[in-house]
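Colleague: I'd like to ask some things about the structure below.
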Amino acid sequence: MRIIAGTARNRRLQVPAGMTTRPTAQRARQTLFDMLMHAPWFGRDELEKALVLDAFAGTGALGLEALSRGARFATFMEGSRPGIASLQANLRSCGMADRARLRHCDVTHPPKAPQPHTLIFLDPPYHKGLVQKGLRTLWRAGWVADGALIVAETETTPLQNDGRDPEEPFQPFHAHLLPSLAAPPPELLAQRSFGAATLHVWRHDGSVKGSRPVP
C-alpha cells in the first residue's frame, strides 16, 4: 500500500501486524481524492485548509493521503496498539509527524476535541453500526465542525441472514440529532461502490432541527 499523490507520493505504508485493520482500497482512495480535489462542493483550496480527522485510522492511509496533498493538519484515532505503532512509523516515513496528532482511543468514546475538524474520514469495521455511533460521539465531543465534510466507508451489502433483523442500507444522517427525531436527510454529495465497500460523502449541517414523529 502506497501514498498515491502529493509530497509523499509512492511512499510505502506499513500495515499493522495481523492485519486487523481493513484499509480503504487503493482504487477507492484514488477515486475519493480525485473527487475531493476537483468537485465543486470541495476542491483543492478547501483540502489545503482542512483540519482532518481520520477516525478508525488503521494504517492512516486516508489522513496521510490528505496531508500529502496539502491538508493543514490531521488527527488520527486508532484503538489498537499495532495500529498506533504503524501510524507512528508511517508518519515518520512520510515526514508528516509535525502536522499530525495521534490519539490512542476508542472512537465511540473519544476525548474532548481541542478544536473542531473540517474533513472527517470514518472507515470502521463493517456490520457494527460504527459510522453512526462514532460520528455521533465525535460530534458530542466537539470534533465535527459545522459544515464539515463527512466521508464514510460502509459495507455495500447489509447483512441479511445472521439470525438477527436484516440491516438497513446505510443512509447519511445528522450527527447532532437523536435517531428518534425526524428530519430531512443530508444531501448526498457523492456515493461510489467498489465491490464490498461503498463511500458516502455529505456535509454536517448543525442548523437542521428535528421533530418527534407523529404517532
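By order in the C-alpha cells, chains are A, B, ...; within a chain, residues start at 1; ligands start at 1, following the order shown.
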With the cut-off set at 12 Å and counting only C-alpha atoms, tabulate each residue of segment 85-148 of chain A with an atom at most that distance from an atom of segment 24-44 of chain A, showing the nearest atom pair and its distance in Å to one decimal, ordered by chain and increasing number, as a tab-separated table.
Modeller:
```
residue	atom	partner	partner_atom	distance
A:Thr118	CA	A:Phe42	CA	11.1
A:Leu119	CA	A:Phe42	CA	10.1
A:Phe121	CA	A:Thr24	CA	10.7
A:Leu122	CA	A:Thr24	CA	10.4
A:Asp123	CA	A:Thr24	CA	7.4
A:Pro124	CA	A:Thr24	CA	10.0
A:Pro125	CA	A:Thr24	CA	11.1
A:Gly147	CA	A:Phe42	CA	11.1
A:Ala148	CA	A:Phe42	CA	10.4
```
Colleague: May I have all residues of segment 38-180 of chain A that DSSP, computed from the backbone, assigns to alpha helix (DSSP H), given as a ChimeraX atom specification?
Modeller: /A:38,44-49,61-68,81-94,130-140
Colleague: Let's have the selection written as a short mmCIF file (atom, residue, chain, number, x, y, z; two decimals), in the first residue's frame, with N, CA and C atoms.
Modeller:
```cif
data_model
loop_
_atom_site.label_atom_id
_atom_site.label_comp_id
_atom_site.auth_asym_id
_atom_site.auth_seq_id
_atom_site.Cartn_x
_atom_site.Cartn_y
_atom_site.Cartn_z
N HIS A 38 -11.34 18.02 -7.02
CA HIS A 38 -11.93 18.68 -8.19
C HIS A 38 -13.43 18.95 -8.08
N ARG A 44 -9.44 21.77 -4.26
CA ARG A 44 -8.07 21.85 -3.75
C ARG A 44 -7.92 22.87 -2.62
N ASP A 45 -8.51 24.05 -2.79
CA ASP A 45 -8.34 25.10 -1.78
C ASP A 45 -8.90 24.65 -0.43
N GLU A 46 -10.07 24.03 -0.46
CA GLU A 46 -10.67 23.58 0.81
C GLU A 46 -9.86 22.44 1.42
N LEU A 47 -9.33 21.54 0.59
CA LEU A 47 -8.49 20.46 1.11
C LEU A 47 -7.24 21.03 1.78
N GLU A 48 -6.65 22.03 1.18
CA GLU A 48 -5.40 22.57 1.74
C GLU A 48 -5.63 23.36 3.03
N LYS A 49 -6.86 23.79 3.28
CA LYS A 49 -7.19 24.46 4.54
C LYS A 49 -7.68 23.49 5.60
N ALA A 61 -4.02 5.66 6.04
CA ALA A 61 -3.88 5.96 4.61
C ALA A 61 -4.71 7.17 4.18
N LEU A 62 -5.91 7.33 4.71
CA LEU A 62 -6.75 8.45 4.28
C LEU A 62 -6.20 9.78 4.78
N GLY A 63 -5.89 9.85 6.05
CA GLY A 63 -5.33 11.09 6.59
C GLY A 63 -3.98 11.42 6.01
N LEU A 64 -3.13 10.42 5.80
CA LEU A 64 -1.81 10.64 5.21
C LEU A 64 -1.92 11.11 3.76
N GLU A 65 -2.87 10.54 3.03
CA GLU A 65 -3.09 10.99 1.65
C GLU A 65 -3.50 12.46 1.64
N ALA A 66 -4.38 12.84 2.58
CA ALA A 66 -4.80 14.24 2.67
C ALA A 66 -3.62 15.15 3.00
N LEU A 67 -2.78 14.75 3.94
CA LEU A 67 -1.61 15.55 4.29
C LEU A 67 -0.65 15.65 3.11
N SER A 68 -0.45 14.55 2.40
CA SER A 68 0.45 14.54 1.25
C SER A 68 -0.02 15.52 0.19
N ARG A 81 -3.01 -1.18 19.61
CA ARG A 81 -1.58 -0.85 19.75
C ARG A 81 -0.80 -1.10 18.45
N PRO A 82 -1.03 -2.24 17.76
CA PRO A 82 -0.33 -2.40 16.47
C PRO A 82 -0.67 -1.29 15.49
N GLY A 83 -1.92 -0.84 15.49
CA GLY A 83 -2.30 0.25 14.60
C GLY A 83 -1.57 1.54 14.94
N ILE A 84 -1.45 1.85 16.22
CA ILE A 84 -0.73 3.06 16.65
C ILE A 84 0.74 2.97 16.24
N ALA A 85 1.35 1.79 16.41
CA ALA A 85 2.76 1.62 16.03
C ALA A 85 2.94 1.84 14.53
N SER A 86 2.03 1.30 13.72
CA SER A 86 2.12 1.51 12.27
C SER A 86 1.92 2.97 11.90
N LEU A 87 0.96 3.63 12.56
CA LEU A 87 0.74 5.06 12.30
C LEU A 87 1.99 5.88 12.62
N GLN A 88 2.62 5.61 13.74
CA GLN A 88 3.84 6.34 14.09
C GLN A 88 4.92 6.13 13.03
N ALA A 89 5.08 4.87 12.58
CA ALA A 89 6.10 4.59 11.56
C ALA A 89 5.74 5.28 10.25
N ASN A 90 4.47 5.28 9.88
CA ASN A 90 4.07 5.89 8.61
C ASN A 90 4.22 7.41 8.63
N LEU A 91 3.91 8.02 9.76
CA LEU A 91 4.10 9.47 9.86
C LEU A 91 5.58 9.84 9.75
N ARG A 92 6.44 9.06 10.39
CA ARG A 92 7.88 9.33 10.27
C ARG A 92 8.36 9.12 8.84
N SER A 93 7.92 8.01 8.22
CA SER A 93 8.36 7.70 6.86
C SER A 93 7.93 8.77 5.87
N CYS A 94 6.74 9.33 6.07
CA CYS A 94 6.21 10.34 5.15
C CYS A 94 6.65 11.75 5.53
N LEU A 130 -20.83 1.27 13.37
CA LEU A 130 -19.83 2.15 13.97
C LEU A 130 -19.74 3.53 13.31
N VAL A 131 -20.17 3.65 12.06
CA VAL A 131 -20.22 5.00 11.48
C VAL A 131 -21.22 5.85 12.27
N GLN A 132 -22.40 5.30 12.53
CA GLN A 132 -23.42 6.04 13.28
C GLN A 132 -22.96 6.33 14.71
N LYS A 133 -22.50 5.30 15.42
CA LYS A 133 -22.06 5.50 16.81
C LYS A 133 -20.87 6.46 16.87
N GLY A 134 -19.90 6.24 15.98
CA GLY A 134 -18.69 7.05 16.01
C GLY A 134 -18.95 8.51 15.71
N LEU A 135 -19.70 8.80 14.64
CA LEU A 135 -19.90 10.19 14.26
C LEU A 135 -20.71 10.94 15.32
N ARG A 136 -21.69 10.29 15.92
CA ARG A 136 -22.47 10.97 16.95
C ARG A 136 -21.61 11.30 18.18
N THR A 137 -20.78 10.36 18.60
CA THR A 137 -19.94 10.65 19.77
C THR A 137 -18.85 11.66 19.44
N LEU A 138 -18.33 11.63 18.23
CA LEU A 138 -17.35 12.64 17.82
C LEU A 138 -17.98 14.03 17.83
N TRP A 139 -19.22 14.14 17.36
CA TRP A 139 -19.88 15.44 17.38
C TRP A 139 -20.07 15.92 18.81
N ARG A 140 -20.53 15.03 19.70
CA ARG A 140 -20.74 15.44 21.10
C ARG A 140 -19.45 15.88 21.76
#
```
Colleague: Which residues are close to segment 184-192 of chain A, i.e. within 9 Å by only C-alpha atoms, leaving aside same-chain residues fewer than 4 positions away? Reply as a VMD selection string.
Modeller: chain A and resid 28 31 to 32 35 41 171 to 174 197 to 205 208 210
Colleague: Just list the residues in segment 120-170 of chain A DSSP gives strand (DSSP E) on the backbone, as a list in words.
Modeller: Ile120, Phe121, Leu122, Val144, Ala145, Asp146, Gly147, Ala148, Leu149, Ile150, Val151, Ala152, Glu153, Thr154 and Glu155 of chain A
Colleague: With C-alpha atoms retained, write the just-selected residues as a PDB file, in the first residue's frame.
Modeller:
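Once everything was written out, this is again27.pdb:
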```pdb
ATOM      1  CA  ILE A 120     -13.895  13.687   8.727  1.00  0.00           C
ATOM      2  CA  PHE A 121     -12.956  10.206   7.478  1.00  0.00           C
ATOM      3  CA  LEU A 122     -14.780   7.215   9.001  1.00  0.00           C
ATOM      4  CA  VAL A 144     -17.057  17.848  13.981  1.00  0.00           C
ATOM      5  CA  ALA A 145     -17.131  21.433  12.690  1.00  0.00           C
ATOM      6  CA  ASP A 146     -20.372  22.858  11.392  1.00  0.00           C
ATOM      7  CA  GLY A 147     -20.185  22.402   7.617  1.00  0.00           C
ATOM      8  CA  ALA A 148     -17.553  19.637   7.924  1.00  0.00           C
ATOM      9  CA  LEU A 149     -17.338  17.232   5.015  1.00  0.00           C
ATOM     10  CA  ILE A 150     -18.081  13.666   6.139  1.00  0.00           C
ATOM     11  CA  VAL A 151     -16.634  10.707   4.219  1.00  0.00           C
ATOM     12  CA  ALA A 152     -17.843   7.311   5.443  1.00  0.00           C
ATOM     13  CA  GLU A 153     -16.975   3.865   4.125  1.00  0.00           C
ATOM     14  CA  THR A 154     -19.555   1.137   4.754  1.00  0.00           C
ATOM     15  CA  GLU A 155     -20.392  -2.327   3.525  1.00  0.00           C
TER      16      GLU A 155
END
```
Colleague: Can you measure atom CA of Ala74 of chain A to atom CA of Ala113 of chain A for me? One decimal in Å is fine.
Modeller: 12.5 Å
